[in-house]
Amino acid sequence: MAAEGGSSSGTREVVEDDFFGAESGWVEARTACDHLPSLCSDLSQIPLPDSPCSRCHHPAENWLCLSCKDVFCSRFINKHMLKHYEESGHCLALSFSDLSVWCFECDAYLDVQMIWQLRPVYEVAHLLKFEERPSFRAIESLQLSSDQGEGSS
Ligand SMILES: [Zn+2]
Ligand SMILES: [Zn+2]
Ligand SMILES: [Zn+2]
């Protein structure tokens with residue numbers, strides 16, 4: 001019996017793109033939010049994902065305010081995004097570390113794939129961070145179902 005060339009399967013490579021992918025790992029993200037009107041009207045251009053906090057210049061894993069496109073550090077650093085929300089009422093923020101969107105008013109993550117208003121900025125951020133567009137789940141049918149002719153049987 002030949003010994004199997006069995007390298008142990010113990011080592012596991014973590015592919016960063018997958019790790020940060022939006023396919024899995026969302027924590028109870030909401031699919032609706034009443035505060036979307038506060039989104040900036042032009043989110044086609046946003047700061048780079050490695051932009052420093054505009055207040056303390058913390059260099060990484062910051063948040064982007066989706067109302068004024070300013071960059072602030074997380075609650076784990078100097079809480080400047082939280083303070084910005086408390087001062088300005090800007091409640092929607094996108095995390096540059098995993099591209100999740102948080103609503104301070106809802107106190108919850110928002111599902112960027114299900115909330116179409118968030119998809120453009122998510123796409124731009126994804127493009128800047130990973131240099132490629134995100135692959136959305138096939139949800140077009142949900143969005144368009146009212147338009148499309150339903151099976152006429
Ligand atoms: Zn909300
Ligand atoms: Zn800061
Ligand atoms: Zn803001």
# chains A, B, ... in the order shown; residues from 1 in each chain; ligands from 1
>>> residues_near_ligand(ligand="ligand 2", cutoff="12 Å", atoms="only C-alpha atoms and all ligand atoms", output="JSON list (two decimals) with C-alpha atoms, in the first residue's frame")
[["chain", "number", "residue", "atom", "x", "y", "z"],
["A", 51, "SER", "CA", -8.72, 57.32, 3.87],
["A", 52, "PRO", "CA", -7.81, 58.39, 7.39],
["A", 53, "CYS", "CA", -10.32, 59.54, 9.96],
["A", 54, "SER", "CA", -10.99, 63.20, 9.29],
["A", 55, "ARG", "CA", -10.62, 64.00, 12.97],
["A", 56, "CYS", "CA", -7.89, 61.87, 14.47],
["A", 57, "HIS", "CA", -6.31, 60.59, 11.27],
["A", 58, "HIS", "CA", -6.57, 56.99, 12.31],
["A", 59, "PRO", "CA", -5.42, 55.27, 9.13],
["A", 60, "ALA", "CA", -7.53, 52.17, 8.66],
["A", 61, "GLU", "CA", -10.88, 50.45, 9.01],
["A", 62, "ASN", "CA", -12.73, 53.71, 9.07],
["A", 63, "TRP", "CA", -16.34, 54.49, 8.26],
["A", 64, "LEU", "CA", -17.73, 56.61, 5.49],
["A", 70, "ASP", "CA", -16.71, 62.33, 5.45],
["A", 71, "VAL", "CA", -14.53, 59.58, 6.91],
["A", 72, "PHE", "CA", -14.50, 58.73, 10.60],
["A", 73, "CYS", "CA", -12.95, 56.08, 12.79],
["A", 74, "SER", "CA", -14.90, 53.25, 14.34],
["A", 75, "ARG", "CA", -16.29, 52.76, 17.78],
["A", 76, "PHE", "CA", -13.25, 50.63, 18.52],
["A", 77, "ILE", "CA", -10.88, 53.52, 17.95],
["A", 78, "ASN", "CA", -12.00, 57.02, 18.86],
["A", 79, "LYS", "CA", -15.69, 56.63, 18.06],
["A", 80, "HIS", "CA", -15.63, 59.56, 15.66],
["A", 81, "MET", "CA", -18.29, 58.08, 13.41],
["A", 82, "LEU", "CA", -20.56, 57.70, 16.41],
["A", 83, "LYS", "CA", -19.80, 61.24, 17.53],
["A", 84, "HIS", "CA", -20.46, 62.51, 14.04]]
>>> residues_around(residues="segment 91-94 of chain A", least_positions_apart="3", cutoff="8 Å", atoms="only C-alpha atoms", output="NGL selection string")
:A and (35-36 or 38-39 or 63-67 or 81 or 85 or 99-105)
>>> select_by_dssp(residues="segment 13-111 of chain A", states="strand (DSSP E or B)", output="list in words")
Arg30, Trp63, Leu64, Cys65, Val71, Phe72, Leu92, Ala93, Leu94, Ser95, Val101, Trp102, Cys103, Ala108, Tyr109 and Leu110 of chain A
>>> residues_around(residues="His126 of chain A", least_positions_apart="5", cutoff="12 Å", atoms="only C-alpha atoms", output="short mmCIF file (atom, residue, chain, number, x, y, z; two decimals) with N, CA and C atoms, in the first residue's frame")
data_model
loop_
_atom_site.label_atom_id
_atom_site.label_comp_id
_atom_site.auth_asym_id
_atom_site.auth_seq_id
_atom_site.Cartn_x
_atom_site.Cartn_y
_atom_site.Cartn_z
N ASP A 17 -10.44 37.91 -0.34
CA ASP A 17 -11.61 38.37 -1.08
C ASP A 17 -12.86 37.61 -0.66
N PHE A 20 -13.96 38.64 2.91
CA PHE A 20 -14.70 39.89 3.01
C PHE A 20 -15.92 39.91 2.12
N GLY A 21 -16.13 38.82 1.41
CA GLY A 21 -17.22 38.79 0.47
C GLY A 21 -18.56 38.99 1.14
N ALA A 22 -19.48 39.44 0.37
CA ALA A 22 -20.79 39.73 0.93
C ALA A 22 -21.72 38.53 0.87
N SER A 44 -21.44 58.52 -6.31
CA SER A 44 -20.64 57.87 -7.35
C SER A 44 -19.15 58.11 -7.13
N ILE A 46 -16.52 58.60 -3.96
CA ILE A 46 -16.35 58.56 -2.51
C ILE A 46 -14.86 58.50 -2.19
N LEU A 48 -11.27 57.18 -0.83
CA LEU A 48 -10.68 55.85 -0.93
C LEU A 48 -10.83 55.10 0.39
N PRO A 49 -10.93 53.77 0.29
CA PRO A 49 -11.14 52.97 1.49
C PRO A 49 -10.03 53.11 2.54
N LEU A 94 -20.89 53.54 6.00
CA LEU A 94 -20.38 52.35 5.34
C LEU A 94 -19.00 52.02 5.90
N SER A 95 -18.82 50.78 6.29
CA SER A 95 -17.54 50.36 6.84
C SER A 95 -16.56 50.07 5.73
N PHE A 96 -15.40 50.72 5.79
CA PHE A 96 -14.39 50.43 4.79
C PHE A 96 -13.67 49.12 5.08
N SER A 97 -13.89 48.55 6.24
CA SER A 97 -13.20 47.29 6.52
C SER A 97 -13.93 46.10 5.92
N ASP A 98 -15.25 46.12 5.92
CA ASP A 98 -15.95 44.99 5.29
C ASP A 98 -17.11 45.43 4.38
N LEU A 99 -17.22 46.75 4.16
CA LEU A 99 -18.22 47.31 3.25
C LEU A 99 -19.66 47.06 3.72
N SER A 100 -19.82 46.81 4.98
CA SER A 100 -21.18 46.71 5.50
C SER A 100 -21.70 48.12 5.77
N VAL A 112 -27.05 45.55 1.96
CA VAL A 112 -26.78 46.36 0.76
C VAL A 112 -27.26 45.68 -0.51
N ARG A 119 -27.00 50.05 -3.14
CA ARG A 119 -26.16 49.25 -4.04
C ARG A 119 -25.13 50.08 -4.79
N PRO A 120 -25.50 51.26 -5.30
CA PRO A 120 -24.48 52.03 -6.05
C PRO A 120 -23.24 52.34 -5.22
N VAL A 121 -23.43 52.82 -4.01
CA VAL A 121 -22.26 53.19 -3.21
C VAL A 121 -21.49 51.95 -2.77
N GLU A 131 -10.96 46.45 -6.52
CA GLU A 131 -10.74 46.65 -7.94
C GLU A 131 -11.59 45.74 -8.80
N GLU A 132 -12.74 45.39 -8.28
CA GLU A 132 -13.69 44.67 -9.11
C GLU A 132 -15.10 44.89 -8.56
N ARG A 133 -16.05 44.70 -9.43
CA ARG A 133 -17.42 44.90 -9.00
C ARG A 133 -17.89 43.73 -8.16
N PRO A 134 -18.80 44.01 -7.25
CA PRO A 134 -19.33 42.91 -6.44
C PRO A 134 -20.28 42.06 -7.25
N SER A 135 -20.42 40.83 -6.85
CA SER A 135 -21.40 39.99 -7.51
C SER A 135 -22.63 39.95 -6.62
N PHE A 136 -23.68 40.52 -7.13
CA PHE A 136 -24.90 40.54 -6.36
C PHE A 136 -25.65 39.23 -6.53
#
>>> atom_distance(atom1="atom CA of Thr31 of chain A", atom2="atom CA of Cys106 of chain A")
11.2 Å
>>> closest_residue(among="A:Asp42, A:Glu87, A:Glu28, A:Asp50", to="ligand 3", atoms="only C-alpha atoms and all ligand atoms")
A:Glu87
>>> select_by_dssp(residues="segment 88-119 of chain A", states="helix (DSSP H, G or I)", output="list in words")
Ser88, Trp116, Gln117, Leu118 and Arg119 of chain A
>>> write_last_selection(atoms="N, CA and C atoms", output="PDB file, in the first residue's frame")
ATOM      1  N   SER A  88     -24.495  65.382  14.114  1.00  0.00           N
ATOM      2  CA  SER A  88     -25.094  65.810  12.854  1.00  0.00           C
ATOM      3  C   SER A  88     -26.383  65.071  12.524  1.00  0.00           C
ATOM      4  N   TRP A 116     -31.926  48.695  -2.660  1.00  0.00           N
ATOM      5  CA  TRP A 116     -31.326  49.128  -3.926  1.00  0.00           C
ATOM      6  C   TRP A 116     -30.668  50.490  -3.804  1.00  0.00           C
ATOM      7  N   GLN A 117     -31.131  51.324  -2.892  1.00  0.00           N
ATOM      8  CA  GLN A 117     -30.519  52.653  -2.763  1.00  0.00           C
ATOM      9  C   GLN A 117     -29.064  52.560  -2.303  1.00  0.00           C
ATOM     10  N   LEU A 118     -28.728  51.453  -1.663  1.00  0.00           N
ATOM     11  CA  LEU A 118     -27.371  51.312  -1.132  1.00  0.00           C
ATOM     12  C   LEU A 118     -26.427  50.636  -2.114  1.00  0.00           C
ATOM     13  N   ARG A 119     -27.004  50.046  -3.138  1.00  0.00           N
ATOM     14  CA  ARG A 119     -26.159  49.252  -4.036  1.00  0.00           C
ATOM     15  C   ARG A 119     -25.127  50.080  -4.794  1.00  0.00           C
TER      16      ARG A 119
END
